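Text of protein36.txt, listed as compact mmCIF, N, CA and C atoms:
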```txt
# COMPACT_ATOMS: atom_id res chain seq x y z
N MET Y 1 18.34 38.95 26.12
CA MET Y 1 19.31 38.07 25.53
C MET Y 1 20.45 37.88 26.52
N ASP Y 2 20.95 36.66 26.57
CA ASP Y 2 22.10 36.36 27.41
C ASP Y 2 23.33 36.99 26.77
N GLU Y 3 23.83 38.03 27.38
CA GLU Y 3 24.93 38.79 26.78
C GLU Y 3 26.23 38.00 26.72
N SER Y 4 26.40 37.02 27.59
CA SER Y 4 27.65 36.25 27.58
C SER Y 4 27.71 35.25 26.41
N THR Y 5 26.54 34.76 25.96
CA THR Y 5 26.53 33.79 24.88
C THR Y 5 25.85 34.31 23.61
N GLY Y 6 25.05 35.35 23.74
CA GLY Y 6 24.31 35.86 22.60
C GLY Y 6 23.06 35.06 22.27
N ARG Y 7 22.76 34.07 23.08
CA ARG Y 7 21.58 33.23 22.82
C ARG Y 7 20.31 33.93 23.27
N LYS Y 8 19.25 33.69 22.50
CA LYS Y 8 17.99 34.37 22.77
C LYS Y 8 16.82 33.40 22.97
N LYS Y 9 17.06 32.10 22.86
CA LYS Y 9 16.00 31.10 22.97
C LYS Y 9 16.14 30.31 24.26
N ILE Y 10 14.99 30.07 24.91
CA ILE Y 10 14.96 29.29 26.15
C ILE Y 10 13.85 28.25 26.04
N VAL Y 11 14.14 27.04 26.49
CA VAL Y 11 13.14 25.97 26.56
C VAL Y 11 12.89 25.69 28.04
N PHE Y 12 11.63 25.71 28.44
CA PHE Y 12 11.25 25.51 29.83
C PHE Y 12 10.42 24.24 30.00
N ALA Y 13 10.61 23.59 31.14
CA ALA Y 13 9.72 22.55 31.66
C ALA Y 13 9.80 22.70 33.18
N ALA Y 14 8.76 22.30 33.88
CA ALA Y 14 8.76 22.52 35.33
C ALA Y 14 7.82 21.53 36.01
N LEU Y 15 7.93 21.47 37.31
CA LEU Y 15 7.10 20.57 38.09
C LEU Y 15 5.63 20.97 38.01
N TRP Y 16 5.31 22.22 38.33
CA TRP Y 16 3.94 22.70 38.32
C TRP Y 16 3.78 23.78 37.26
N THR Y 17 2.93 23.52 36.31
CA THR Y 17 2.72 24.44 35.19
C THR Y 17 2.26 25.81 35.66
N GLU Y 18 1.32 25.84 36.58
CA GLU Y 18 0.68 27.10 36.96
C GLU Y 18 1.60 28.06 37.72
N VAL Y 19 2.69 27.58 38.28
CA VAL Y 19 3.60 28.45 39.03
C VAL Y 19 5.03 28.33 38.51
N CYS Y 20 5.59 27.15 38.62
CA CYS Y 20 7.00 26.93 38.30
C CYS Y 20 7.30 27.10 36.81
N LEU Y 21 6.31 26.98 35.97
CA LEU Y 21 6.51 27.15 34.53
C LEU Y 21 5.99 28.50 34.06
N ALA Y 22 4.77 28.84 34.42
CA ALA Y 22 4.14 30.06 33.89
C ALA Y 22 4.91 31.32 34.25
N PHE Y 23 5.30 31.48 35.50
CA PHE Y 23 5.95 32.73 35.91
C PHE Y 23 7.30 32.95 35.23
N PRO Y 24 8.20 31.95 35.18
CA PRO Y 24 9.46 32.17 34.46
C PRO Y 24 9.26 32.39 32.96
N VAL Y 25 8.30 31.70 32.36
CA VAL Y 25 8.04 31.89 30.93
C VAL Y 25 7.58 33.31 30.66
N ILE Y 26 6.63 33.79 31.44
CA ILE Y 26 6.10 35.15 31.25
C ILE Y 26 7.19 36.19 31.49
N HIS Y 27 8.02 35.97 32.48
CA HIS Y 27 9.12 36.90 32.76
C HIS Y 27 10.12 36.91 31.61
N ALA Y 28 10.49 35.74 31.10
CA ALA Y 28 11.45 35.66 30.00
C ALA Y 28 10.90 36.32 28.74
N LEU Y 29 9.60 36.15 28.48
CA LEU Y 29 8.98 36.84 27.35
C LEU Y 29 9.11 38.36 27.51
N GLY Y 30 8.89 38.83 28.71
CA GLY Y 30 9.02 40.26 28.99
C GLY Y 30 10.44 40.78 28.81
N GLU Y 31 11.41 39.89 28.97
CA GLU Y 31 12.82 40.26 28.78
C GLU Y 31 13.26 40.14 27.33
N GLY Y 32 12.35 39.69 26.46
CA GLY Y 32 12.66 39.62 25.05
C GLY Y 32 13.19 38.30 24.53
N TYR Y 33 13.12 37.25 25.34
CA TYR Y 33 13.58 35.94 24.90
C TYR Y 33 12.54 35.26 24.01
N ASP Y 34 13.00 34.41 23.11
CA ASP Y 34 12.12 33.50 22.38
C ASP Y 34 11.93 32.29 23.29
N VAL Y 35 10.70 32.03 23.69
CA VAL Y 35 10.43 31.04 24.72
C VAL Y 35 9.64 29.86 24.15
N TYR Y 36 10.05 28.67 24.54
CA TYR Y 36 9.34 27.44 24.24
C TYR Y 36 9.08 26.74 25.57
N PHE Y 37 7.90 26.14 25.72
CA PHE Y 37 7.65 25.38 26.94
C PHE Y 37 7.11 24.01 26.59
N VAL Y 38 7.50 23.03 27.40
CA VAL Y 38 7.15 21.64 27.14
C VAL Y 38 6.02 21.25 28.07
N THR Y 39 4.81 21.23 27.54
CA THR Y 39 3.65 20.99 28.40
C THR Y 39 3.54 19.54 28.85
N ASP Y 40 3.99 18.60 28.04
CA ASP Y 40 3.87 17.20 28.46
C ASP Y 40 5.02 16.76 29.37
N ALA Y 41 5.96 17.65 29.64
CA ALA Y 41 7.02 17.37 30.62
C ALA Y 41 6.78 18.18 31.89
N SER Y 42 5.62 18.80 31.99
CA SER Y 42 5.24 19.59 33.15
C SER Y 42 3.86 19.11 33.60
N GLY Y 43 3.53 19.41 34.83
CA GLY Y 43 2.23 18.99 35.35
C GLY Y 43 1.64 20.07 36.21
N GLY Y 44 0.48 19.80 36.74
CA GLY Y 44 -0.18 20.77 37.60
C GLY Y 44 -0.72 20.09 38.84
N THR Y 45 -1.18 20.90 39.76
CA THR Y 45 -1.78 20.33 40.96
C THR Y 45 -3.14 19.73 40.64
N SER Y 46 -3.70 20.11 39.47
CA SER Y 46 -4.92 19.50 38.95
C SER Y 46 -4.90 19.68 37.43
N VAL Y 47 -5.77 18.99 36.74
CA VAL Y 47 -5.85 19.14 35.29
C VAL Y 47 -6.23 20.58 34.94
N GLU Y 48 -7.19 21.13 35.67
CA GLU Y 48 -7.63 22.50 35.39
C GLU Y 48 -6.50 23.51 35.60
N SER Y 49 -5.76 23.39 36.68
CA SER Y 49 -4.69 24.35 36.93
C SER Y 49 -3.59 24.23 35.88
N HIS Y 50 -3.30 23.01 35.42
CA HIS Y 50 -2.33 22.80 34.35
C HIS Y 50 -2.79 23.50 33.07
N GLU Y 51 -4.04 23.28 32.69
CA GLU Y 51 -4.58 23.88 31.47
C GLU Y 51 -4.66 25.40 31.57
N MET Y 52 -5.02 25.92 32.72
CA MET Y 52 -5.10 27.37 32.89
C MET Y 52 -3.70 28.00 32.85
N GLY Y 53 -2.71 27.30 33.39
CA GLY Y 53 -1.33 27.79 33.31
C GLY Y 53 -0.86 27.88 31.86
N ILE Y 54 -1.22 26.88 31.07
CA ILE Y 54 -0.87 26.89 29.65
C ILE Y 54 -1.56 28.07 28.96
N GLN Y 55 -2.84 28.26 29.23
CA GLN Y 55 -3.57 29.37 28.62
C GLN Y 55 -2.99 30.72 29.01
N ARG Y 56 -2.56 30.85 30.26
CA ARG Y 56 -1.96 32.10 30.73
C ARG Y 56 -0.70 32.43 29.93
N MET Y 57 0.12 31.41 29.66
CA MET Y 57 1.34 31.63 28.89
C MET Y 57 1.03 31.94 27.43
N ILE Y 58 0.05 31.24 26.85
CA ILE Y 58 -0.32 31.48 25.47
C ILE Y 58 -0.86 32.89 25.31
N GLN Y 59 -1.68 33.35 26.24
CA GLN Y 59 -2.22 34.69 26.17
C GLN Y 59 -1.15 35.75 26.24
N ARG Y 60 -0.07 35.48 26.94
CA ARG Y 60 1.03 36.44 27.08
C ARG Y 60 1.87 36.50 25.81
N GLY Y 61 1.97 35.37 25.03
CA GLY Y 61 2.74 35.28 23.80
C GLY Y 61 3.42 36.57 23.40
N PRO Y 62 4.01 36.72 22.29
CA PRO Y 62 4.01 35.80 21.17
C PRO Y 62 5.07 34.72 21.31
N PHE Y 63 4.78 33.59 20.73
CA PHE Y 63 5.73 32.49 20.71
C PHE Y 63 6.22 32.29 19.29
N PRO Y 64 7.48 31.92 19.16
CA PRO Y 64 8.00 31.69 17.80
C PRO Y 64 7.34 30.52 17.12
```

Produce structure tokens that represent the structure in this file.
Amino acid sequence: MDESTGRKKIVFAALWTEVCLAFPVIHALGEGYDVYFVTDASGGTSVESHEMGIQRMIQRGPFP
């Protein structure tokens, strides 16, 4: 949780789903944040890498 504001929710979007989105999302989940990610505002270097990045984040869940 951000101790300066008390906020616990983060919304992410990024250029590349498989790196720029997945790693920060997984890290924030590990820190205890409620995480939301916008898949249609992010992309991948290929369709497969985009979809696998999404699956990686879903597997790490839980999401609110």

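You can rank Y:Asp34, Y:Trp16, Y:Gly6, Y:His27 by their closest distance to Glu48 of chain Y using only C-alpha atoms, and at the top of that list sits Y:Trp16.
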
Report, as lines of an AutoDock Vina configuration file, the centre and edge lengths in Å (one decimal) of the axis-aligned box enclosing every listed atom of segment 48-52 of chain Y, padded by 8 Å on each side.
```
center_x = -5.0
center_y = 24.6
center_z = 34.2
size_x = 21.3
size_y = 22.9
size_z = 21.5
```

Worksheet item: When distances are computed from all atoms listed in the file, which of Y:Ser42, Y:Val47, Y:Phe63, Y:Ser4 shows the smallest separation from Leu21 of chain Y?
Response: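 Smallest separation from Leu21 of chain Y among the options: Y:Ser42.
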
Worksheet item: Which residues in chain Y does DSSP call alpha helix (DSSP H)? List them as a ChimeraX atom specification.
Response: /Y:22-30,47-60

Practice prompt. Considering only N, CA and C atoms, state which residue in the set Y:Gly32, Y:Pro24, Y:Glu18, Y:Thr39 is at the smallest distance from Met52 of chain Y.
Written response: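 Checking each candidate against Met52 of chain Y, we get Y:Glu18 as the closest.
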
Discussion item. Which residue is closest to Leu15 of chain Y? Choose from Y:Gly43, Y:Gly30, Y:Glu3, Y:Val38 and count only N, CA and C atoms.
Written reply: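 Smallest separation from Leu15 of chain Y among the options: Y:Gly43.
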